[in-house]
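Asks: This is data.pdb (PDB, C-alpha atoms).
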ATOM      1  CA  HIS A   7       0.000   0.000   0.000
ATOM      2  CA  LEU A   8       1.147   3.512  -0.769
ATOM      3  CA  PRO A   9       1.446   5.992   2.112
ATOM      4  CA  PRO A  10      -1.431   8.523   2.004
ATOM      5  CA  SER A  11       0.904  11.417   1.186
ATOM      6  CA  VAL A  12       2.490   9.545  -1.725
ATOM      7  CA  ARG A  13      -0.907   8.395  -2.978
ATOM      8  CA  GLN A  14      -2.257  11.951  -2.848
ATOM      9  CA  ALA A  15       0.743  13.382  -4.694
ATOM     10  CA  ARG A  16       0.612  10.705  -7.371
ATOM     11  CA  ALA A  17      -3.148  11.130  -7.796
ATOM     12  CA  GLU A  18      -2.733  14.880  -8.305
ATOM     13  CA  GLN A  19       0.087  14.293 -10.791
ATOM     14  CA  LEU A  20      -1.944  11.790 -12.812
ATOM     15  CA  MET A  21      -5.138  13.863 -12.668
ATOM     16  CA  THR A  22      -3.255  16.849 -14.061
ATOM     17  CA  ARG A  23      -1.560  14.713 -16.690
ATOM     18  CA  PHE A  24      -4.908  13.527 -18.027
ATOM     19  CA  GLY A  25      -6.526  16.950 -18.001
ATOM     20  CA  LEU A  26      -8.557  16.420 -14.817
ATOM     21  CA  GLY A  27      -6.757  18.973 -12.676
ATOM     22  CA  ASP A  28      -9.783  21.277 -12.626
ATOM     23  CA  ALA A  29     -12.084  18.440 -11.526
ATOM     24  CA  PHE A  30     -10.594  17.849  -8.061
ATOM     25  CA  GLY A  31     -13.512  19.507  -6.297
ATOM     26  CA  LYS A  32     -16.212  17.749  -8.303
ATOM     27  CA  ARG A  33     -18.119  14.627  -7.356
ATOM     28  CA  VAL A  34     -17.540  11.700  -9.698
ATOM     29  CA  GLY A  35     -21.260  11.752 -10.501
ATOM     30  CA  GLU A  36     -20.724  15.148 -12.116
ATOM     31  CA  TYR A  37     -18.043  13.784 -14.473
ATOM     32  CA  SER A  38     -18.810  13.240 -18.143
ATOM     33  CA  LYS A  39     -18.376   9.722 -19.538
ATOM     34  CA  GLY A  40     -15.052  10.705 -21.055
ATOM     35  CA  MET A  41     -13.857  12.124 -17.728
ATOM     36  CA  LYS A  42     -14.843   8.901 -15.982
ATOM     37  CA  GLN A  43     -12.798   6.933 -18.518
ATOM     38  CA  LYS A  44      -9.771   9.074 -17.755
ATOM     39  CA  LEU A  45     -10.375   8.744 -14.017
ATOM     40  CA  ALA A  46     -10.420   4.947 -14.389
ATOM     41  CA  LEU A  47      -7.028   5.137 -16.103
ATOM     42  CA  VAL A  48      -5.690   7.349 -13.296
ATOM     43  CA  ARG A  49      -6.869   4.836 -10.675
ATOM     44  CA  SER A  50      -5.267   1.940 -12.540
ATOM     45  CA  LEU A  51      -1.924   3.779 -12.640
ATOM     46  CA  LEU A  52      -1.983   4.940  -9.036
ATOM     47  CA  HIS A  53       0.123   2.039  -7.719
ATOM     48  CA  ASP A  54       2.392   1.937 -10.800
ATOM     49  CA  PRO A  55       1.549  -1.708 -11.648
ATOM     50  CA  PRO A  56       3.911  -3.838 -13.813
ATOM     51  CA  VAL A  57       0.906  -5.185 -15.756
ATOM     52  CA  LEU A  58      -1.840  -2.812 -16.853
ATOM     53  CA  LEU A  59      -5.196  -3.994 -18.212
ATOM     54  CA  LEU A  60      -7.047  -1.382 -20.273
ATOM     55  CA  ASP A  61     -10.540  -2.056 -21.628
ATOM     56  CA  GLU A  62     -11.581   0.411 -24.363
ATOM     57  CA  PRO A  63      -9.593   3.236 -22.685
ATOM     58  CA  THR A  64     -10.657   5.945 -25.155
ATOM     59  CA  SER A  65     -14.305   4.944 -25.555
ATOM     60  CA  ALA A  66     -16.724   7.923 -25.515
ATOM     61  CA  MET A  67     -13.881  10.446 -25.366
ATOM     62  CA  ASP A  68     -13.644  13.564 -27.495
ATOM     63  CA  PRO A  69     -10.678  13.584 -29.939
ATOM     64  CA  GLN A  70      -8.488  15.741 -27.684
ATOM     65  CA  SER A  71      -9.038  13.570 -24.597
ATOM     66  CA  ALA A  72      -8.525  10.391 -26.616
ATOM     67  CA  LYS A  73      -5.202  11.724 -27.902
ATOM     68  CA  LEU A  74      -4.121  12.524 -24.337
ATOM     69  CA  VAL A  75      -4.778   8.932 -23.303
ATOM     70  CA  ARG A  76      -3.097   7.473 -26.402
ATOM     71  CA  ASP A  77      -0.035   9.646 -25.813
ATOM     72  CA  ALA A  78       0.073   8.492 -22.186
ATOM     73  CA  ILE A  79      -0.117   4.849 -23.261
ATOM     74  CA  MET A  80       2.731   5.470 -25.712
ATOM     75  CA  GLU A  81       4.786   6.871 -22.836
ATOM     76  CA  LEU A  82       3.923   3.908 -20.622
ATOM     77  CA  ARG A  83       5.204   1.567 -23.353
ATOM     78  CA  GLN A  84       8.698   2.911 -22.691
ATOM     79  CA  ASP A  85       8.580   1.628 -19.105
ATOM     80  CA  LYS A  86       9.218  -1.970 -18.075
ATOM     81  CA  ARG A  87       5.507  -2.609 -18.087
ATOM     82  CA  THR A  88       3.138  -4.969 -19.907
ATOM     83  CA  ILE A  89      -0.030  -3.340 -21.214
ATOM     84  CA  VAL A  90      -2.976  -5.482 -22.288
ATOM     85  CA  LEU A  91      -5.375  -3.345 -24.306
ATOM     86  CA  THR A  92      -8.789  -4.442 -25.556
ATOM     87  CA  THR A  93     -10.400  -2.273 -28.205
ATOM     88  CA  HIS A  94     -12.670  -2.303 -31.245
ATOM     89  CA  ASN A  95     -10.748   0.676 -32.639
ATOM     90  CA  LEU A  96      -8.433  -0.994 -35.162
ATOM     91  CA  THR A  97      -6.557   2.214 -35.985
ATOM     92  CA  GLU A  98      -5.814   2.711 -32.297
ATOM     93  CA  ALA A  99      -4.706  -0.901 -31.854
ATOM     94  CA  GLU A 100      -2.374  -0.648 -34.840
ATOM     95  CA  ALA A 101      -0.803   2.558 -33.496
ATOM     96  CA  LEU A 102      -0.351   1.394 -29.899
ATOM     97  CA  ALA A 103       0.281  -2.349 -29.898
ATOM     98  CA  ASP A 104       3.568  -4.202 -30.340
ATOM     99  CA  ASN A 105       1.634  -7.447 -30.780
ATOM    100  CA  ILE A 106      -1.999  -7.904 -31.776
ATOM    101  CA  GLY A 107      -4.413 -10.725 -30.998
ATOM    102  CA  VAL A 108      -7.711 -11.123 -32.837
ATOM    103  CA  ILE A 109     -10.481 -12.824 -30.851
ATOM    104  CA  ARG A 110     -13.585 -14.301 -32.468
ATOM    105  CA  ARG A 111     -16.254 -16.213 -30.588
ATOM    106  CA  GLY A 112     -13.981 -16.514 -27.559
ATOM    107  CA  ARG A 113     -11.007 -17.875 -29.526
ATOM    108  CA  ILE A 114      -7.713 -16.220 -30.427
ATOM    109  CA  VAL A 115      -7.684 -16.787 -34.188
ATOM    110  CA  ALA A 116      -4.541 -14.762 -34.952
ATOM    111  CA  TYR A 117      -1.633 -13.292 -32.988
ATOM    112  CA  GLY A 118       1.570 -11.485 -33.918
ATOM    113  CA  ASP A 119       3.077  -8.115 -34.754
ATOM    114  CA  MET A 120       1.511  -6.019 -37.498
ATOM    115  CA  ALA A 121       4.153  -6.853 -40.108
ATOM    116  CA  SER A 122       3.857 -10.622 -39.670
ATOM    117  CA  LEU A 123       0.044 -10.508 -39.606
ATOM    118  CA  ALA A 124      -0.038  -8.400 -42.775
ATOM    119  CA  THR A 125       2.319 -10.766 -44.600
ATOM    120  CA  ARG A 126       0.379 -13.823 -43.445
ATOM    121  CA  PHE A 127      -3.130 -12.622 -44.243
ATOM    122  CA  VAL A 128      -2.781  -9.846 -46.831
ATOM    123  CA  GLY A 129       0.464 -10.780 -48.565
ATOM    124  CA  PRO A 130       3.920  -9.215 -48.991
ATOM    125  CA  PRO A 131       4.265  -5.417 -48.954
ATOM    126  CA  LEU A 132       3.004  -3.832 -52.179
ATOM    127  CA  MET A 133       5.127  -1.129 -53.808
ATOM    128  CA  GLU A 134       3.932   1.437 -56.356
ATOM    129  CA  LEU A 135       6.348   2.905 -58.895
ATOM    130  CA  LYS A 136       5.380   5.982 -60.942
ATOM    131  CA  THR A 137       7.467   7.266 -63.850
ATOM    132  CA  SER A 138       7.526  10.437 -65.936
ATOM    133  CA  GLN A 139       6.995   8.587 -69.211
ATOM    134  CA  SER A 140       5.481   5.429 -70.643
ATOM    135  CA  LEU A 141       6.768   2.192 -69.118
ATOM    136  CA  ASN A 142       7.502   0.632 -72.523
ATOM    137  CA  GLY A 143       7.497  -2.971 -71.342
ATOM    138  CA  LEU A 144       9.172  -2.228 -68.010
ATOM    139  CA  ALA A 145       6.997  -4.828 -66.276
ATOM    140  CA  LYS A 146       8.681  -7.573 -68.312
ATOM    141  CA  ASP A 147      12.137  -6.142 -67.638
ATOM    142  CA  LEU A 148      11.468  -6.315 -63.900
ATOM    143  CA  ALA A 149      10.086  -9.873 -63.994
ATOM    144  CA  PRO A 150      13.387 -11.470 -62.849
ATOM    145  CA  LEU A 151      13.401  -9.210 -59.776
ATOM    146  CA  VAL A 152       9.793  -8.862 -58.625
ATOM    147  CA  LYS A 153       6.246 -10.039 -59.210
ATOM    148  CA  VAL A 154       4.366  -7.216 -60.944
ATOM    149  CA  VAL A 155       0.708  -7.500 -59.938
ATOM    150  CA  GLU A 156      -0.745  -4.482 -61.742
ATOM    151  CA  ASN A 157       0.416  -1.809 -64.169
ATOM    152  CA  GLY A 158      -0.753   1.155 -66.236
ATOM    153  CA  GLU A 159       0.765   3.512 -68.794
ATOM    154  CA  ASN A 160       3.259   5.127 -66.421
ATOM    155  CA  TRP A 161       2.909   3.167 -63.183
ATOM    156  CA  LEU A 162       3.126  -0.351 -61.821
ATOM    157  CA  ARG A 163       2.709  -2.201 -58.550
ATOM    158  CA  TYR A 164       4.822  -5.107 -57.411
ATOM    159  CA  GLU A 165       5.198  -7.357 -54.388
ATOM    160  CA  ALA A 166       8.341  -6.895 -52.303
ATOM    161  CA  SER A 167       8.883  -9.440 -49.547
ATOM    162  CA  ASN A 168      12.020  -7.515 -48.545
ATOM    163  CA  PRO A 169      11.649  -3.862 -49.674
ATOM    164  CA  ALA A 170      15.015  -2.786 -48.248
ATOM    165  CA  GLU A 171      16.777  -5.290 -50.501
ATOM    166  CA  ILE A 172      14.496  -5.292 -53.557
ATOM    167  CA  ASN A 173      13.711  -1.588 -54.030
ATOM    168  CA  PRO A 174      17.312  -0.430 -54.661
ATOM    169  CA  GLN A 175      17.651  -3.155 -57.315
ATOM    170  CA  VAL A 176      14.407  -2.058 -58.966
ATOM    171  CA  LEU A 177      15.517   1.585 -59.021
ATOM    172  CA  ARG A 178      18.899   0.701 -60.517
ATOM    173  CA  ARG A 179      17.202  -1.338 -63.245
ATOM    174  CA  VAL A 180      14.662   1.395 -64.056
ATOM    175  CA  LEU A 181      17.183   4.247 -64.083
ATOM    176  CA  GLY A 182      19.549   2.105 -66.130
ATOM    177  CA  LEU A 183      16.863   1.918 -68.811
ATOM    178  CA  GLY A 184      16.750   5.715 -68.927
ATOM    179  CA  ILE A 185      13.338   5.981 -67.269
ATOM    180  CA  ASP A 186      12.862   8.828 -64.781
ATOM    181  CA  VAL A 187      11.175   7.840 -61.514
ATOM    182  CA  ILE A 188       8.650  10.232 -59.976
ATOM    183  CA  THR A 189       7.825   8.215 -56.852
ATOM    184  CA  LEU A 190       8.382   4.787 -55.332
ATOM    185  CA  SER A 191       6.161   4.218 -52.312
ATOM    186  CA  GLN A 192       4.760   1.403 -50.222
ATOM    187  CA  LEU A 193       0.990   1.046 -50.278
ATOM    188  CA  THR A 194      -0.465   1.005 -46.797
ATOM    189  CA  GLN A 195      -1.528  -2.341 -45.345
ATOM    190  CA  THR A 196      -3.849  -1.579 -42.446
ATOM    191  CA  LEU A 197      -5.032  -3.651 -39.523
ATOM    192  CA  GLU A 198      -8.523  -3.318 -40.973
ATOM    193  CA  ASP A 199      -7.345  -5.097 -44.149
ATOM    194  CA  VAL A 200      -5.798  -7.825 -42.006
ATOM    195  CA  TYR A 201      -8.862  -8.160 -39.781
ATOM    196  CA  LEU A 202     -11.296  -8.472 -42.690
ATOM    197  CA  GLN A 203      -9.150 -11.208 -44.241
ATOM    198  CA  ILE A 204      -8.922 -13.041 -40.900
ATOM    199  CA  VAL A 205     -12.709 -12.928 -40.535
ATOM    200  CA  GLU A 206     -13.196 -14.174 -44.091
ATOM    201  CA  GLU A 207     -10.811 -17.110 -43.583
ATOM    202  CA  ASP A 208     -12.259 -17.973 -40.178
ATOM    203  CA  GLU A 209     -15.810 -17.977 -41.522
ATOM    204  CA  GLY A 210     -14.686 -20.142 -44.444
ATOM    205  CA  GLN A 211     -13.120 -22.698 -42.105
ATOM    206  CA  GLU A 212     -16.219 -22.693 -39.920
ATOM    207  CA  LYS A 213     -18.434 -23.294 -42.959
ATOM    208  CA  LYS A 214     -16.292 -26.245 -44.086
ATOM    209  CA  SER A 215     -16.352 -27.697 -40.563
ATOM    210  CA  HIS A 216     -20.148 -27.393 -40.468
ATOM    211  CA  GLU A 217     -20.481 -29.095 -43.864
ATOM    212  CA  ARG A 218     -18.309 -32.024 -42.724
ATOM    213  CA  THR A 219     -20.411 -32.365 -39.567
ATOM    214  CA  VAL A 220     -23.655 -32.419 -41.573
ATOM    215  CA  GLN A 221     -22.306 -35.070 -43.949
TER
END
With the file now loaded, output its structure as C-alpha cells.
Replies:
Amino acid sequence: HLPPSVRQARAEQLMTRFGLGDAFGKRVGEYSKGMKQKLALVRSLLHDPPVLLLDEPTSAMDPQSAKLVRDAIMELRQDKRTIVLTTHNLTEAEALADNIGVIRRGRIVAYGDMASLATRFVGPPLMELKTSQSLNGLAKDLAPLVKVVENGENWLRYEASNPAEINPQVLRRVLGLGIDVITLSQLTQTLEDVYLQIVEEDEGQEKKSHERTVQ
C-alpha cells in the first residue's frame, strides 16, 4: 500500500496529466463519460503496476481527450511494463500495440506483430512505382526481380517481400533503362485489411467444418 501522502501526490500528478486537474472539487457523478474513462485510467496507474489492463480506454472520449490517453499509453510503453489493451478501434490498436491478438467467438484466431500478420493474411508489402513517361514494357524487364501485380501507362505495382533489398535493385534497373522515376512508395496495409481477411478465412473454415459435420 502507498502511504497517504504519496498516494495523494501521485493522484494529483496523474489527474493533471490527463486533463482532470480542474475536476478535483467535483463529485464523480458530475463527471462526463469521457472524464470517468480518464479517471479509471488514473486509478489503474496509481500504484504503478507492472501489468496494466485497459478495456476500451478511449471509448466515448472527445478527440483531444482520446489523444491525451493514447499519448500516455505510448509513454507507458517505454517503461518496463506490460499493457494489455482491448479495443474495437483498429486504428488505435495498430498505433499502440507491439503485438496484436484477434479474438472471435472466444477464440484467439490470430496473434503477432503487425508486419507478420499483414504478410500472413494480406500478402507481402506492395510497392507502387510511378514514372515520368510510358513504361515501354518495363513490367517484363522487372520480372526477374519482382512479381508485378498491376500496371498502367506510367505506373506499376509489385510485391516486395524484402523492400530494403528489392527496391534499390528495382531503381537501378529502371534508371539504367533511362526511365525517370517520380515516386516509389509502399501502399499502406492496415489492420482493418488484415482483420477483414482473418474474418473471411475464419468464416470459411467454420463453414467447411459445419459441412463435414452435416455429412
Asks: Apply the PyMOL selection byres ((chain A and resi 80) around 12) to the structure shown and report the selected residues as a PyMOL selection string.
Replies: chain A and resi 73-79+81-85+87-89+98-99+101-104
Asks: Nearest residue to Ile185 in chain A out of A:Tyr201, A:Trp161, A:Tyr37, A:Phe24, using all atoms listed in the file?
Replies: A:Trp161
Asks: Tell me which protein, DNA and RNA residues are within 8 Å of Ile188 in chain A, counting only C-alpha atoms, leaving out same-chain ones fewer than 2 positions away, and put them as a list in words.
Replies: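 Result of the neighbour search: Leu135, Lys136, Thr137, Ser138, Asp186 and Leu190 of chain A.
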Asks: Go ahead and compute the interatomic distance for CA of Asp208 in chain A and CA of Val128 in chain A, in Å to one decimal.
Replies: 14.1 Å
Asks: Around all the atoms of range 173-190 of chain A listed in the file, draw an axis-aligned box and extend it by 3 Å on each of the six sides; I want its centre and edge lengths in Å to one decimal, as lines of an AutoDock Vina configuration file.
Replies:
center_x = 13.7
center_y = 3.5
center_z = -61.5
size_x = 17.7
size_y = 19.4
size_z = 20.9
Asks: What is the distance, in Å and to one decimal place, between CA of Ser71 in chain A and CA of Lys86 in chain A?
Replies: 24.8 Å
Asks: Enter the distance from CA of Ala15 in chain A to CA of Leu52 in chain A, in Å, rounded to one decimal.
Replies: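 Atom-to-atom, CA of Ala15 in chain A to CA of Leu52 in chain A, that is 9.9 Å.
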Asks: Output the residue selection produced by the PyMOL selection byres ((chain A and resi 140-148) around 9) on the file above, formatted as a PyMOL selection string.
Replies: chain A and resi 137-139+149-154+156-162+176+179-180+183+185
Asks: Return as a VMD selection string the set of residues that the PyMOL selection byres ((chain A and resi 173) around 12) yields on the displayed structure.
Replies: chain A and resid 131 to 135 148 151 to 152 163 to 172 174 to 180 189 to 192
Asks: Using the selection just defined, write its residues with C-alpha atoms as a PDB file, in the frame of the given file.
Replies:
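Just written: selection21.pdb:
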ATOM      1  CA  PRO A 131       4.265  -5.417 -48.954  1.00  0.00           C
ATOM      2  CA  LEU A 132       3.004  -3.832 -52.179  1.00  0.00           C
ATOM      3  CA  MET A 133       5.127  -1.129 -53.808  1.00  0.00           C
ATOM      4  CA  GLU A 134       3.932   1.437 -56.356  1.00  0.00           C
ATOM      5  CA  LEU A 135       6.348   2.905 -58.895  1.00  0.00           C
ATOM      6  CA  LEU A 148      11.468  -6.315 -63.900  1.00  0.00           C
ATOM      7  CA  LEU A 151      13.401  -9.210 -59.776  1.00  0.00           C
ATOM      8  CA  VAL A 152       9.793  -8.862 -58.625  1.00  0.00           C
ATOM      9  CA  ARG A 163       2.709  -2.201 -58.550  1.00  0.00           C
ATOM     10  CA  TYR A 164       4.822  -5.107 -57.411  1.00  0.00           C
ATOM     11  CA  GLU A 165       5.198  -7.357 -54.388  1.00  0.00           C
ATOM     12  CA  ALA A 166       8.341  -6.895 -52.303  1.00  0.00           C
ATOM     13  CA  SER A 167       8.883  -9.440 -49.547  1.00  0.00           C
ATOM     14  CA  ASN A 168      12.020  -7.515 -48.545  1.00  0.00           C
ATOM     15  CA  PRO A 169      11.649  -3.862 -49.674  1.00  0.00           C
ATOM     16  CA  ALA A 170      15.015  -2.786 -48.248  1.00  0.00           C
ATOM     17  CA  GLU A 171      16.777  -5.290 -50.501  1.00  0.00           C
ATOM     18  CA  ILE A 172      14.496  -5.292 -53.557  1.00  0.00           C
ATOM     19  CA  PRO A 174      17.312  -0.430 -54.661  1.00  0.00           C
ATOM     20  CA  GLN A 175      17.651  -3.155 -57.315  1.00  0.00           C
ATOM     21  CA  VAL A 176      14.407  -2.058 -58.966  1.00  0.00           C
ATOM     22  CA  LEU A 177      15.517   1.585 -59.021  1.00  0.00           C
ATOM     23  CA  ARG A 178      18.899   0.701 -60.517  1.00  0.00           C
ATOM     24  CA  ARG A 179      17.202  -1.338 -63.245  1.00  0.00           C
ATOM     25  CA  VAL A 180      14.662   1.395 -64.056  1.00  0.00           C
ATOM     26  CA  THR A 189       7.825   8.215 -56.852  1.00  0.00           C
ATOM     27  CA  LEU A 190       8.382   4.787 -55.332  1.00  0.00           C
ATOM     28  CA  SER A 191       6.161   4.218 -52.312  1.00  0.00           C
ATOM     29  CA  GLN A 192       4.760   1.403 -50.222  1.00  0.00           C
TER      30      GLN A 192
END
Asks: Can you list, as a PDB file with C-alpha atoms, in the frame of the given file, every protein, DNA or RNA residue that comes within 12 Å of Val205 in chain A when you count all atoms listed in the file, leaving out same-chain residues fewer than 2 positions away?
Replies:
ATOM      1  CA  VAL A 108      -7.711 -11.123 -32.837  1.00  0.00           C
ATOM      2  CA  ILE A 109     -10.481 -12.824 -30.851  1.00  0.00           C
ATOM      3  CA  ARG A 110     -13.585 -14.301 -32.468  1.00  0.00           C
ATOM      4  CA  ARG A 111     -16.254 -16.213 -30.588  1.00  0.00           C
ATOM      5  CA  ILE A 114      -7.713 -16.220 -30.427  1.00  0.00           C
ATOM      6  CA  VAL A 115      -7.684 -16.787 -34.188  1.00  0.00           C
ATOM      7  CA  ALA A 116      -4.541 -14.762 -34.952  1.00  0.00           C
ATOM      8  CA  PHE A 127      -3.130 -12.622 -44.243  1.00  0.00           C
ATOM      9  CA  GLU A 198      -8.523  -3.318 -40.973  1.00  0.00           C
ATOM     10  CA  ASP A 199      -7.345  -5.097 -44.149  1.00  0.00           C
ATOM     11  CA  VAL A 200      -5.798  -7.825 -42.006  1.00  0.00           C
ATOM     12  CA  TYR A 201      -8.862  -8.160 -39.781  1.00  0.00           C
ATOM     13  CA  LEU A 202     -11.296  -8.472 -42.690  1.00  0.00           C
ATOM     14  CA  GLN A 203      -9.150 -11.208 -44.241  1.00  0.00           C
ATOM     15  CA  GLU A 207     -10.811 -17.110 -43.583  1.00  0.00           C
ATOM     16  CA  ASP A 208     -12.259 -17.973 -40.178  1.00  0.00           C
ATOM     17  CA  GLU A 209     -15.810 -17.977 -41.522  1.00  0.00           C
ATOM     18  CA  GLY A 210     -14.686 -20.142 -44.444  1.00  0.00           C
ATOM     19  CA  GLN A 211     -13.120 -22.698 -42.105  1.00  0.00           C
ATOM     20  CA  GLU A 212     -16.219 -22.693 -39.920  1.00  0.00           C
TER      21      GLU A 212
END
Asks: In the coordinate frame of the file, compute which residues have an atom within 12 Å of (-0.8, 11.4, -12.9) when using all atoms listed in the file, and state them as an MDAnalysis selection string.
Replies: chainID A and resid 12:27 44:54 74:75 78 82
Asks: Env of Tyr117 in chain A: 9 Å cut, atoms = all atoms listed in the file, seq-sep filter 6 positions within chain, self excluded. Answer as a short mmCIF file (atom, residue, chain, number, x, y, z; two decimals) with C-alpha atoms, in the coordinates of the input.
Replies:
data_model
loop_
_atom_site.label_atom_id
_atom_site.label_comp_id
_atom_site.auth_asym_id
_atom_site.auth_seq_id
_atom_site.Cartn_x
_atom_site.Cartn_y
_atom_site.Cartn_z
CA ASN A 105 1.63 -7.45 -30.78
CA ILE A 106 -2.00 -7.90 -31.78
CA GLY A 107 -4.41 -10.72 -31.00
CA VAL A 108 -7.71 -11.12 -32.84
CA LEU A 123 0.04 -10.51 -39.61
#
Asks: Using only C-alpha atoms for the distances, tell me which of A:Thr125, A:Met41, A:Val90, A:Pro9 is nearest to Ala66 in chain A.
Replies: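 The closest residue to Ala66 in chain A is A:Met41.
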Asks: Could you please fill out range 39-59 of chain A with N, CA and C atoms and send it back as a PDB file, in the coordinates of the input?
Replies:
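Output below, filename out05.pdb:
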ATOM      1  N   LYS A  39     -18.824  11.098 -19.317  1.00  0.00           N
ATOM      2  CA  LYS A  39     -18.376   9.722 -19.538  1.00  0.00           C
ATOM      3  C   LYS A  39     -16.893   9.680 -19.884  1.00  0.00           C
ATOM      4  N   GLY A  40     -16.462  10.645 -20.698  1.00  0.00           N
ATOM      5  CA  GLY A  40     -15.052  10.705 -21.055  1.00  0.00           C
ATOM      6  C   GLY A  40     -14.172  10.962 -19.849  1.00  0.00           C
ATOM      7  N   MET A  41     -14.617  11.833 -18.945  1.00  0.00           N
ATOM      8  CA  MET A  41     -13.857  12.124 -17.728  1.00  0.00           C
ATOM      9  C   MET A  41     -13.770  10.887 -16.844  1.00  0.00           C
ATOM     10  N   LYS A  42     -14.850  10.130 -16.788  1.00  0.00           N
ATOM     11  CA  LYS A  42     -14.843   8.901 -15.982  1.00  0.00           C
ATOM     12  C   LYS A  42     -13.863   7.882 -16.553  1.00  0.00           C
ATOM     13  N   GLN A  43     -13.758   7.835 -17.884  1.00  0.00           N
ATOM     14  CA  GLN A  43     -12.798   6.933 -18.518  1.00  0.00           C
ATOM     15  C   GLN A  43     -11.375   7.317 -18.119  1.00  0.00           C
ATOM     16  N   LYS A  44     -11.104   8.612 -18.137  1.00  0.00           N
ATOM     17  CA  LYS A  44      -9.771   9.074 -17.755  1.00  0.00           C
ATOM     18  C   LYS A  44      -9.506   8.823 -16.273  1.00  0.00           C
ATOM     19  N   LEU A  45     -10.529   8.999 -15.446  1.00  0.00           N
ATOM     20  CA  LEU A  45     -10.375   8.744 -14.017  1.00  0.00           C
ATOM     21  C   LEU A  45     -10.061   7.272 -13.764  1.00  0.00           C
ATOM     22  N   ALA A  46     -10.689   6.382 -14.531  1.00  0.00           N
ATOM     23  CA  ALA A  46     -10.420   4.947 -14.389  1.00  0.00           C
ATOM     24  C   ALA A  46      -8.965   4.646 -14.728  1.00  0.00           C
ATOM     25  N   LEU A  47      -8.432   5.330 -15.739  1.00  0.00           N
ATOM     26  CA  LEU A  47      -7.028   5.137 -16.103  1.00  0.00           C
ATOM     27  C   LEU A  47      -6.110   5.660 -15.004  1.00  0.00           C
ATOM     28  N   VAL A  48      -6.466   6.797 -14.413  1.00  0.00           N
ATOM     29  CA  VAL A  48      -5.690   7.349 -13.296  1.00  0.00           C
ATOM     30  C   VAL A  48      -5.648   6.356 -12.140  1.00  0.00           C
ATOM     31  N   ARG A  49      -6.796   5.790 -11.788  1.00  0.00           N
ATOM     32  CA  ARG A  49      -6.869   4.836 -10.675  1.00  0.00           C
ATOM     33  C   ARG A  49      -6.027   3.596 -10.954  1.00  0.00           C
ATOM     34  N   SER A  50      -6.033   3.142 -12.209  1.00  0.00           N
ATOM     35  CA  SER A  50      -5.267   1.940 -12.540  1.00  0.00           C
ATOM     36  C   SER A  50      -3.763   2.190 -12.482  1.00  0.00           C
ATOM     37  N   LEU A  51      -3.351   3.447 -12.652  1.00  0.00           N
ATOM     38  CA  LEU A  51      -1.924   3.779 -12.640  1.00  0.00           C
ATOM     39  C   LEU A  51      -1.423   4.209 -11.271  1.00  0.00           C
ATOM     40  N   LEU A  52      -2.324   4.363 -10.334  1.00  0.00           N
ATOM     41  CA  LEU A  52      -1.983   4.940  -9.036  1.00  0.00           C
ATOM     42  C   LEU A  52      -0.858   4.184  -8.339  1.00  0.00           C
ATOM     43  N   HIS A  53      -0.883   2.846  -8.409  1.00  0.00           N
ATOM     44  CA  HIS A  53       0.123   2.039  -7.719  1.00  0.00           C
ATOM     45  C   HIS A  53       1.256   1.600  -8.647  1.00  0.00           C
ATOM     46  N   ASP A  54       1.317   2.212  -9.847  1.00  0.00           N
ATOM     47  CA  ASP A  54       2.392   1.937 -10.800  1.00  0.00           C
ATOM     48  C   ASP A  54       2.558   0.434 -11.047  1.00  0.00           C
ATOM     49  N   PRO A  55       1.500  -0.254 -11.497  1.00  0.00           N
ATOM     50  CA  PRO A  55       1.549  -1.708 -11.648  1.00  0.00           C
ATOM     51  C   PRO A  55       2.429  -2.149 -12.819  1.00  0.00           C
ATOM     52  N   PRO A  56       3.088  -3.327 -12.712  1.00  0.00           N
ATOM     53  CA  PRO A  56       3.911  -3.838 -13.813  1.00  0.00           C
ATOM     54  C   PRO A  56       3.074  -4.334 -14.988  1.00  0.00           C
ATOM     55  N   VAL A  57       1.830  -4.743 -14.706  1.00  0.00           N
ATOM     56  CA  VAL A  57       0.906  -5.185 -15.756  1.00  0.00           C
ATOM     57  C   VAL A  57      -0.342  -4.315 -15.683  1.00  0.00           C
ATOM     58  N   LEU A  58      -0.704  -3.733 -16.813  1.00  0.00           N
ATOM     59  CA  LEU A  58      -1.840  -2.812 -16.853  1.00  0.00           C
ATOM     60  C   LEU A  58      -2.880  -3.334 -17.837  1.00  0.00           C
ATOM     61  N   LEU A  59      -4.104  -3.524 -17.368  1.00  0.00           N
ATOM     62  CA  LEU A  59      -5.196  -3.994 -18.212  1.00  0.00           C
ATOM     63  C   LEU A  59      -6.097  -2.812 -18.558  1.00  0.00           C
TER      64      LEU A  59
END
